[in-house]
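Content type CSV, C-alpha atoms, from the file protein_28.csv:
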```csv
chain,number,residue,atom,x,y,z
A,1,MET,CA,0.0,0.0,0.0
A,2,SER,CA,1.5,3.4,-1.0
A,3,THR,CA,1.9,6.3,1.3
A,4,ARG,CA,-0.2,9.3,0.5
A,5,PRO,CA,1.6,12.5,-0.5
A,6,GLY,CA,0.1,14.3,2.4
A,7,ALA,CA,1.5,11.8,4.9
A,8,ARG,CA,5.0,12.0,3.3
A,9,ALA,CA,4.9,15.8,3.5
A,10,ARG,CA,3.9,15.7,7.2
A,11,ALA,CA,6.8,13.2,7.9
A,12,ARG,CA,9.2,15.7,6.3
A,13,ARG,CA,8.0,18.7,8.3
A,14,PRO,CA,10.1,18.0,11.5
A,15,TRP,CA,13.3,17.7,9.5
A,16,ARG,CA,12.3,20.9,7.5
A,17,SER,CA,11.8,22.7,10.8
A,18,VAL,CA,15.2,21.5,12.1
A,19,ALA,CA,16.9,22.6,8.9
A,20,ASP,CA,15.2,26.1,9.1
A,21,GLY,CA,16.2,26.5,12.7
A,22,ALA,CA,19.8,25.5,11.9
A,23,ALA,CA,19.8,28.0,9.0
A,24,VAL,CA,18.6,30.8,11.3
A,25,LEU,CA,21.2,30.0,13.9
A,26,ILE,CA,24.0,30.0,11.3
A,27,ALA,CA,22.7,33.3,9.8
A,28,ALA,CA,22.6,34.8,13.3
A,29,ALA,CA,26.2,33.7,14.1
A,30,VAL,CA,27.4,35.1,10.8
A,31,ALA,CA,25.6,38.4,11.2
A,32,PHE,CA,26.5,39.0,14.9
A,33,PRO,CA,30.0,40.4,14.2
A,34,LEU,CA,28.5,42.8,11.7
A,35,TYR,CA,25.9,43.8,14.2
A,36,TRP,CA,28.5,44.3,16.9
A,37,MET,CA,30.7,46.4,14.6
A,38,VAL,CA,27.8,48.8,13.8
A,39,LEU,CA,26.7,48.9,17.4
A,40,SER,CA,30.2,49.7,18.6
A,41,ALA,CA,30.4,52.5,16.1
A,42,PHE,CA,27.4,54.2,17.7
A,43,LYS,CA,28.3,53.5,21.3
A,44,PRO,CA,29.9,56.2,23.4
A,45,ALA,CA,33.5,55.7,24.4
A,46,GLY,CA,32.6,54.9,28.0
A,47,GLU,CA,30.4,52.0,26.9
A,48,ILE,CA,33.0,50.6,24.5
A,49,ARG,CA,35.6,50.4,27.3
A,50,SER,CA,33.2,49.0,29.8
A,51,ASP,CA,34.1,45.8,31.6
A,52,ARG,CA,30.5,44.6,31.2
A,53,PRO,CA,29.6,45.1,27.5
A,54,VAL,CA,26.0,44.7,26.5
A,55,PRO,CA,24.5,44.1,23.0
A,56,TRP,CA,22.7,47.4,23.0
A,57,THR,CA,23.1,51.1,23.7
A,58,LEU,CA,20.6,53.6,25.2
A,59,SER,CA,22.6,56.7,24.2
A,60,PRO,CA,23.8,56.3,20.6
A,61,SER,CA,26.4,58.8,19.5
A,62,LEU,CA,27.9,59.9,16.2
A,63,ASP,CA,31.2,61.1,17.7
A,64,ALA,CA,33.1,58.1,16.2
A,65,PHE,CA,31.8,58.9,12.7
A,66,ARG,CA,32.8,62.6,13.2
A,67,ARG,CA,36.3,61.6,14.0
A,68,VAL,CA,36.5,59.3,11.0
A,69,PHE,CA,35.3,62.0,8.5
A,70,ALA,CA,37.4,64.6,10.2
A,71,GLN,CA,40.5,62.5,9.4
A,72,GLU,CA,42.8,64.1,6.9
A,73,ASP,CA,42.7,62.6,3.4
A,74,PHE,CA,39.9,60.2,4.3
A,75,GLY,CA,38.0,61.1,1.1
A,76,ARG,CA,41.1,60.6,-1.0
A,77,TYR,CA,41.6,57.1,0.5
A,78,PHE,CA,38.0,56.3,-0.2
A,79,LEU,CA,38.4,57.4,-3.9
A,80,ASN,CA,41.6,55.4,-4.2
A,81,SER,CA,39.9,52.3,-3.0
A,82,LEU,CA,37.0,52.8,-5.4
A,83,LEU,CA,39.4,53.4,-8.3
A,84,VAL,CA,41.6,50.3,-7.6
A,85,ALA,CA,38.6,48.0,-7.0
A,86,GLY,CA,36.8,49.3,-10.1
A,87,MET,CA,39.9,48.8,-12.3
A,88,VAL,CA,40.4,45.3,-11.0
A,89,VAL,CA,36.7,44.3,-11.4
A,90,VAL,CA,36.5,45.6,-15.0
A,91,ALA,CA,39.9,44.3,-16.1
A,92,SER,CA,39.5,40.8,-14.5
A,93,ALA,CA,36.0,40.5,-16.0
A,94,LEU,CA,37.1,41.2,-19.5
A,95,LEU,CA,40.3,39.2,-19.4
A,96,ALA,CA,38.6,36.3,-17.7
A,97,PHE,CA,35.8,36.2,-20.2
A,98,LEU,CA,38.2,36.1,-23.1
A,99,ALA,CA,40.5,33.5,-21.5
A,100,ALA,CA,37.5,31.3,-20.5
A,101,THR,CA,36.2,31.5,-24.0
A,102,ALA,CA,39.6,30.4,-25.4
A,103,VAL,CA,40.0,27.4,-23.1
A,104,ALA,CA,36.4,26.3,-23.5
A,105,ARG,CA,35.9,26.8,-27.2
A,106,PHE,CA,39.3,26.2,-28.8
A,107,ARG,CA,41.5,23.1,-28.9
A,108,PHE,CA,45.2,23.9,-28.7
A,109,ARG,CA,48.4,22.4,-27.4
A,110,LEU,CA,48.9,22.3,-23.6
A,111,ARG,CA,45.3,23.4,-23.0
A,112,THR,CA,44.9,20.9,-20.1
A,113,THR,CA,48.3,21.9,-18.6
A,114,LEU,CA,47.2,25.5,-18.7
A,115,LEU,CA,43.9,24.7,-16.9
A,116,ILE,CA,45.9,22.8,-14.2
A,117,LEU,CA,48.2,25.8,-13.8
A,118,ILE,CA,45.2,28.1,-13.4
A,119,LEU,CA,43.7,25.9,-10.8
A,120,THR,CA,47.1,25.5,-9.0
A,121,ALA,CA,47.5,29.3,-8.9
A,122,GLN,CA,44.5,29.5,-6.6
A,123,MET,CA,46.2,27.4,-4.0
A,124,VAL,CA,49.2,29.6,-3.5
A,125,PRO,CA,48.8,31.8,-0.4
A,126,VAL,CA,49.0,35.5,-0.9
A,127,GLU,CA,51.5,36.0,2.0
A,128,ALA,CA,54.0,33.7,0.3
A,129,LEU,CA,54.2,35.9,-2.7
A,130,THR,CA,54.2,39.3,-1.1
A,131,ILE,CA,58.0,39.7,-0.9
A,132,PRO,CA,58.6,38.5,-4.5
A,133,LEU,CA,55.8,40.9,-5.7
A,134,PHE,CA,57.4,43.7,-3.8
A,135,PHE,CA,60.7,43.3,-5.7
A,136,LEU,CA,58.7,42.9,-8.9
A,137,MET,CA,56.8,46.2,-8.3
A,138,ARG,CA,60.1,47.9,-7.4
A,139,ASP,CA,61.8,46.7,-10.6
A,140,ILE,CA,59.1,47.9,-12.9
A,141,GLY,CA,58.8,51.2,-11.0
A,142,ALA,CA,55.3,50.7,-9.7
A,143,LEU,CA,55.9,51.1,-6.0
A,144,ASN,CA,54.0,53.9,-4.3
A,145,THR,CA,51.5,53.9,-7.2
A,146,LEU,CA,48.0,52.5,-7.5
A,147,LEU,CA,49.3,50.3,-10.2
A,148,SER,CA,51.1,48.3,-7.6
A,149,LEU,CA,47.8,47.4,-6.1
A,150,VAL,CA,45.9,46.8,-9.3
A,151,LEU,CA,48.3,44.3,-10.9
A,152,PRO,CA,48.6,41.9,-7.9
A,153,HIS,CA,44.9,41.8,-7.3
A,154,LEU,CA,44.2,41.3,-11.0
A,155,ALA,CA,46.7,38.4,-11.0
A,156,PHE,CA,45.0,36.7,-8.0
A,157,SER,CA,41.5,37.3,-9.3
A,158,LEU,CA,42.0,35.9,-12.8
A,159,PRO,CA,42.5,32.2,-11.9
A,160,PHE,CA,39.2,31.9,-10.0
A,161,ALA,CA,37.3,34.0,-12.6
A,162,ILE,CA,38.7,32.0,-15.5
A,163,TRP,CA,37.9,28.6,-13.9
A,164,MET,CA,34.4,29.7,-13.0
A,165,LEU,CA,33.5,31.3,-16.3
A,166,ARG,CA,34.8,28.3,-18.2
A,167,GLY,CA,31.8,26.4,-17.0
A,168,PHE,CA,29.4,29.1,-18.1
A,169,VAL,CA,31.0,29.3,-21.6
A,170,LYS,CA,30.9,25.5,-22.0
A,171,ALA,CA,27.2,25.5,-21.0
A,172,VAL,CA,26.3,27.6,-24.1
A,173,PRO,CA,25.5,25.1,-26.9
A,174,GLU,CA,27.9,25.1,-29.8
A,175,ALA,CA,24.9,24.8,-32.1
A,176,LEU,CA,24.0,28.4,-31.1
A,177,GLU,CA,27.4,29.5,-32.3
A,178,GLU,CA,27.0,27.6,-35.6
A,179,GLN,CA,23.6,29.1,-36.1
A,180,ALA,CA,25.0,32.6,-35.6
A,181,PHE,CA,27.7,32.0,-38.2
A,182,ILE,CA,25.1,30.7,-40.6
A,183,ASP,CA,23.1,33.9,-40.1
A,184,GLY,CA,26.2,35.9,-41.0
A,185,ALA,CA,27.5,36.9,-37.6
A,186,SER,CA,31.2,37.3,-37.3
A,187,ARG,CA,33.1,35.7,-34.4
A,188,THR,CA,33.5,39.1,-32.7
A,189,ARG,CA,29.8,39.8,-33.0
A,190,PHE,CA,28.9,36.4,-31.5
A,191,LEU,CA,31.4,36.9,-28.7
A,192,TRP,CA,30.1,40.3,-27.5
A,193,GLN,CA,26.5,40.3,-28.6
A,194,ILE,CA,25.5,36.7,-27.9
A,195,LEU,CA,28.0,34.9,-25.7
A,196,PHE,CA,28.7,37.8,-23.4
A,197,PRO,CA,25.1,38.4,-22.3
A,198,LEU,CA,24.6,34.7,-21.7
A,199,VAL,CA,27.6,34.4,-19.3
A,200,LEU,CA,26.9,37.8,-17.6
A,201,PRO,CA,25.6,36.2,-14.4
A,202,GLY,CA,28.9,34.3,-14.0
A,203,LEU,CA,30.8,37.6,-14.6
A,204,VAL,CA,28.8,39.2,-11.9
A,205,ALA,CA,29.6,36.4,-9.4
A,206,THR,CA,33.3,36.6,-10.1
A,207,SER,CA,33.2,40.4,-10.0
A,208,VAL,CA,31.9,40.2,-6.4
A,209,PHE,CA,34.8,38.1,-5.4
A,210,SER,CA,37.3,40.5,-7.1
A,211,PHE,CA,35.6,43.6,-5.6
A,212,ILE,CA,35.6,42.3,-2.0
A,213,SER,CA,39.1,40.9,-2.0
A,214,THR,CA,40.5,44.2,-3.5
A,215,TRP,CA,38.3,46.5,-1.4
A,216,ASN,CA,39.4,44.9,1.9
A,217,ASP,CA,43.1,44.5,1.0
A,218,PHE,CA,45.5,45.6,3.7
A,219,LEU,CA,48.6,43.5,3.0
A,220,PHE,CA,49.4,44.9,-0.4
A,221,ALA,CA,48.4,48.4,0.5
A,222,LYS,CA,50.7,48.3,3.5
A,223,SER,CA,53.6,46.6,1.6
A,224,PHE,CA,53.6,48.5,-1.7
A,225,ILE,CA,52.5,52.1,-0.7
A,226,ILE,CA,55.5,53.1,1.4
A,227,SER,CA,56.0,56.9,1.2
A,228,ALA,CA,53.3,58.2,-1.1
A,229,THR,CA,50.5,58.3,1.4
A,230,GLU,CA,48.3,60.2,-1.0
A,231,ASN,CA,48.0,56.8,-2.9
A,232,SER,CA,46.9,54.9,0.2
A,233,THR,CA,43.6,53.1,0.3
A,234,LEU,CA,40.8,53.0,2.8
A,235,PRO,CA,42.0,50.1,5.0
A,236,MET,CA,45.1,52.2,5.7
A,237,ALA,CA,42.9,54.8,7.3
A,238,LEU,CA,42.3,52.4,10.2
A,239,LEU,CA,45.9,52.7,11.3
A,240,VAL,CA,45.3,56.2,12.4
A,241,PHE,CA,43.1,55.0,15.3
A,242,PHE,CA,45.9,52.6,16.5
A,243,ASP,CA,48.5,55.3,16.9
A,244,THR,CA,47.9,56.0,20.6
A,245,GLU,CA,48.5,53.7,23.6
A,246,THR,CA,44.8,53.3,23.9
A,247,PRO,CA,43.3,52.4,20.6
A,248,ASP,CA,40.2,54.3,19.5
A,249,TRP,CA,37.9,51.3,19.1
A,250,GLY,CA,34.9,53.5,18.3
A,251,GLY,CA,36.8,55.1,15.4
A,252,VAL,CA,37.9,51.7,14.2
A,253,MET,CA,34.4,50.4,14.2
A,254,ALA,CA,33.0,53.5,12.6
A,255,ALA,CA,35.6,53.4,9.8
A,256,SER,CA,34.9,49.7,9.3
A,257,THR,CA,31.2,50.5,9.0
A,258,VAL,CA,31.9,53.1,6.4
A,259,MET,CA,34.0,50.6,4.5
A,260,THR,CA,31.2,48.1,4.5
A,261,VAL,CA,28.7,50.4,2.9
A,262,PRO,CA,30.1,50.3,-0.7
A,263,VAL,CA,30.2,46.5,-0.5
A,264,LEU,CA,26.5,46.4,0.6
A,265,VAL,CA,25.6,48.8,-2.2
A,266,PHE,CA,27.5,46.6,-4.7
A,267,PHE,CA,25.6,43.6,-3.5
A,268,VAL,CA,22.3,45.3,-3.8
A,269,CYS,CA,23.0,46.4,-7.3
A,270,VAL,CA,24.0,42.9,-8.5
A,271,HIS,CA,22.2,40.5,-6.2
A,272,ARG,CA,19.7,39.3,-8.9
A,273,ARG,CA,22.4,38.3,-11.3
A,274,LEU,CA,24.6,37.1,-8.5
A,275,VAL,CA,22.0,34.5,-7.4
A,276,SER,CA,21.6,33.2,-11.0
A,277,GLY,CA,25.4,33.2,-11.4
A,278,LEU,CA,26.0,31.1,-8.3
A,279,GLY,CA,23.2,28.8,-9.4
A,280,GLY,CA,24.8,28.4,-12.8
A,281,ALA,CA,28.2,27.7,-11.1
A,282,VAL,CA,26.5,24.9,-9.1
A,283,LYS,CA,25.0,23.4,-12.2
```

Mind turning the file's structure into structure tokens?
Amino acid sequence: MSTRPGARARARRPWRSVADGAAVLIAAAVAFPLYWMVLSAFKPAGEIRSDRPVPWTLSPSLDAFRRVFAQEDFGRYFLNSLLVAGMVVVASALLAFLAATAVARFRFRLRTTLLILILTAQMVPVEALTIPLFFLMRDIGALNTLLSLVLPHLAFSLPFAIWMLRGFVKAVPEALEEQAFIDGASRTRFLWQILFPLVLPGLVATSVFSFISTWNDFLFAKSFIISATENSTLPMALLVFFDTETPDWGGVMAASTVMTVPVLVFFVCVHRRLVSGLGGAVK
């Protein structure tokens, strides 16, 4: 005798409730540091240094944000971060799209070896390459310039982007390309007017990775921008609040909150395509 669909659905409900509860707990655990950062940015200095911290404040203050925006060259640092992140996102998206198309559509010698090298490049820790990259930037005369931040982040973003976009390009049927050629479309036209829109969700997903890793970078900014402080990026502004014997934790949290806003805006702008892009990557 077969079990009715309603009975099976009722049998699955307890497990569904457990899964939903676990998801809520995980989301709360992930969101709590962000909540504490924003809360600390609005807390008065006395509450931040209190021996008995509480997860709320009854007297919110904007003093920490005033200290952040009163910092000299804060606006310049913000624009530098936007410029570097924007250049990395655009360049990595275009280069990764062309490279992924090449390895997915064309057959050439050492293609498999190239794919293995691309995958291996993702496994190398950034810290292990900082010193060699420093000497490389020195030899090409890029130290103390924004180019010394763009090139390393572009190099580290490309392997992940190429590997991910390769799956999106392969998912486009070759018959579609053949039909476009029959209709008179050139390879360039097919590439930019047909293939590019189809893999755009994947480009958005890789762009989010590139943007976040570049925007939050502290290691390269500290290592490659030595004397030209006008070319520093936003994470370097946090060092100002650690200059004293007693760190200004309110200023640190306020500056971190300001740094988070562009990332949230970027997510809001691309979240629709990001979801479809991640779904395509899973497929």

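Proximity ranking of A:Val150, A:Cys269, A:Arg67, A:Thr206 relative to Asn80 of chain A places A:Val150 first, based on all atoms listed in the file.
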
Point out the residue among A:Phe266, A:Phe168, A:Phe42, A:Phe108 with the least atom-to-atom distance to Trp215 of chain A, counting all atoms listed in the file.
A:Phe266

Can you measure atom CA of Val89 of chain A to atom CA of Ser207 of chain A for me? One decimal in Å is fine.
5.4 Å

Can you measure atom CA of Arg166 of chain A to atom CA of Ile212 of chain A for me? One decimal in Å is fine.
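According to the coordinates, atom CA of Arg166 of chain A and atom CA of Ile212 of chain A are separated by 21.4 Å.
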
Give me, please, the distance in Å between atom CA of Phe160 of chain A and atom CA of Pro125 of chain A, quoted to one decimal.
13.6 Å

For Arg187 of chain A: contacts at 9 Å, all atoms listed in the file, fewer than 6 positions along chain excluded, given as a list in words
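Residues near the query, excluding close chain neighbours: Glu177, Ala180 and Phe181 of chain A.
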
Box for segment 182-196 of chain A - axis-aligned, 4 Å on each of the six sides, all listed atoms - centre and size in Å to one decimal, as AutoDock Vina command-line options.
```
--center_x 28.3 --center_y 35.5 --center_z -32.2 --size_x 18.4 --size_y 17.6 --size_z 25.6
```

List as a PDB file with C-alpha atoms, keeping the file's coordinate frame the protein and nucleic acid residues near Val126 of chain A, meaning an atom at most 12 Å away when only C-alpha atoms are counted, but skip any in the same chain fewer than 3 places from it.
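Listing of selection-v9.pdb after writing:
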```
ATOM      1  CA  ALA A 121      47.500  29.300  -8.900  1.00  0.00           C
ATOM      2  CA  GLN A 122      44.500  29.500  -6.600  1.00  0.00           C
ATOM      3  CA  MET A 123      46.200  27.400  -4.000  1.00  0.00           C
ATOM      4  CA  LEU A 129      54.200  35.900  -2.700  1.00  0.00           C
ATOM      5  CA  THR A 130      54.200  39.300  -1.100  1.00  0.00           C
ATOM      6  CA  ILE A 131      58.000  39.700  -0.900  1.00  0.00           C
ATOM      7  CA  PRO A 132      58.600  38.500  -4.500  1.00  0.00           C
ATOM      8  CA  LEU A 133      55.800  40.900  -5.700  1.00  0.00           C
ATOM      9  CA  PRO A 152      48.600  41.900  -7.900  1.00  0.00           C
ATOM     10  CA  HIS A 153      44.900  41.800  -7.300  1.00  0.00           C
ATOM     11  CA  ALA A 155      46.700  38.400 -11.000  1.00  0.00           C
ATOM     12  CA  PHE A 156      45.000  36.700  -8.000  1.00  0.00           C
ATOM     13  CA  SER A 157      41.500  37.300  -9.300  1.00  0.00           C
ATOM     14  CA  SER A 213      39.100  40.900  -2.000  1.00  0.00           C
ATOM     15  CA  ASP A 217      43.100  44.500   1.000  1.00  0.00           C
ATOM     16  CA  PHE A 218      45.500  45.600   3.700  1.00  0.00           C
ATOM     17  CA  LEU A 219      48.600  43.500   3.000  1.00  0.00           C
ATOM     18  CA  PHE A 220      49.400  44.900  -0.400  1.00  0.00           C
TER      19      PHE A 220
END
```

Choose the residue, out of A:Leu234, A:Ala128, A:Val261, A:Leu176, that has the smallest atom-to-atom separation from Val68 of chain A; count only C-alpha atoms.
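Residue with the minimum atom-to-atom distance to Val68 of chain A: A:Leu234.
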
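Residue nearest Ser210 of chain A, chosen from A:Leu83, A:Ala31, A:Val88, A:Gly250 and counting only C-alpha atoms: A:Val88.
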
For each of A:Val169, A:Ile225, A:Leu34, A:Ala93, take the minimum atom-to-atom distance to Phe106 of chain A, counting all atoms listed in the file, then give the residue where this is smallest.
A:Val169

Shortest interatomic distance to Phe69 of chain A - which of A:Leu198, A:Ala29, A:Gly167, A:Ala237, counting only C-alpha atoms
A:Ala237
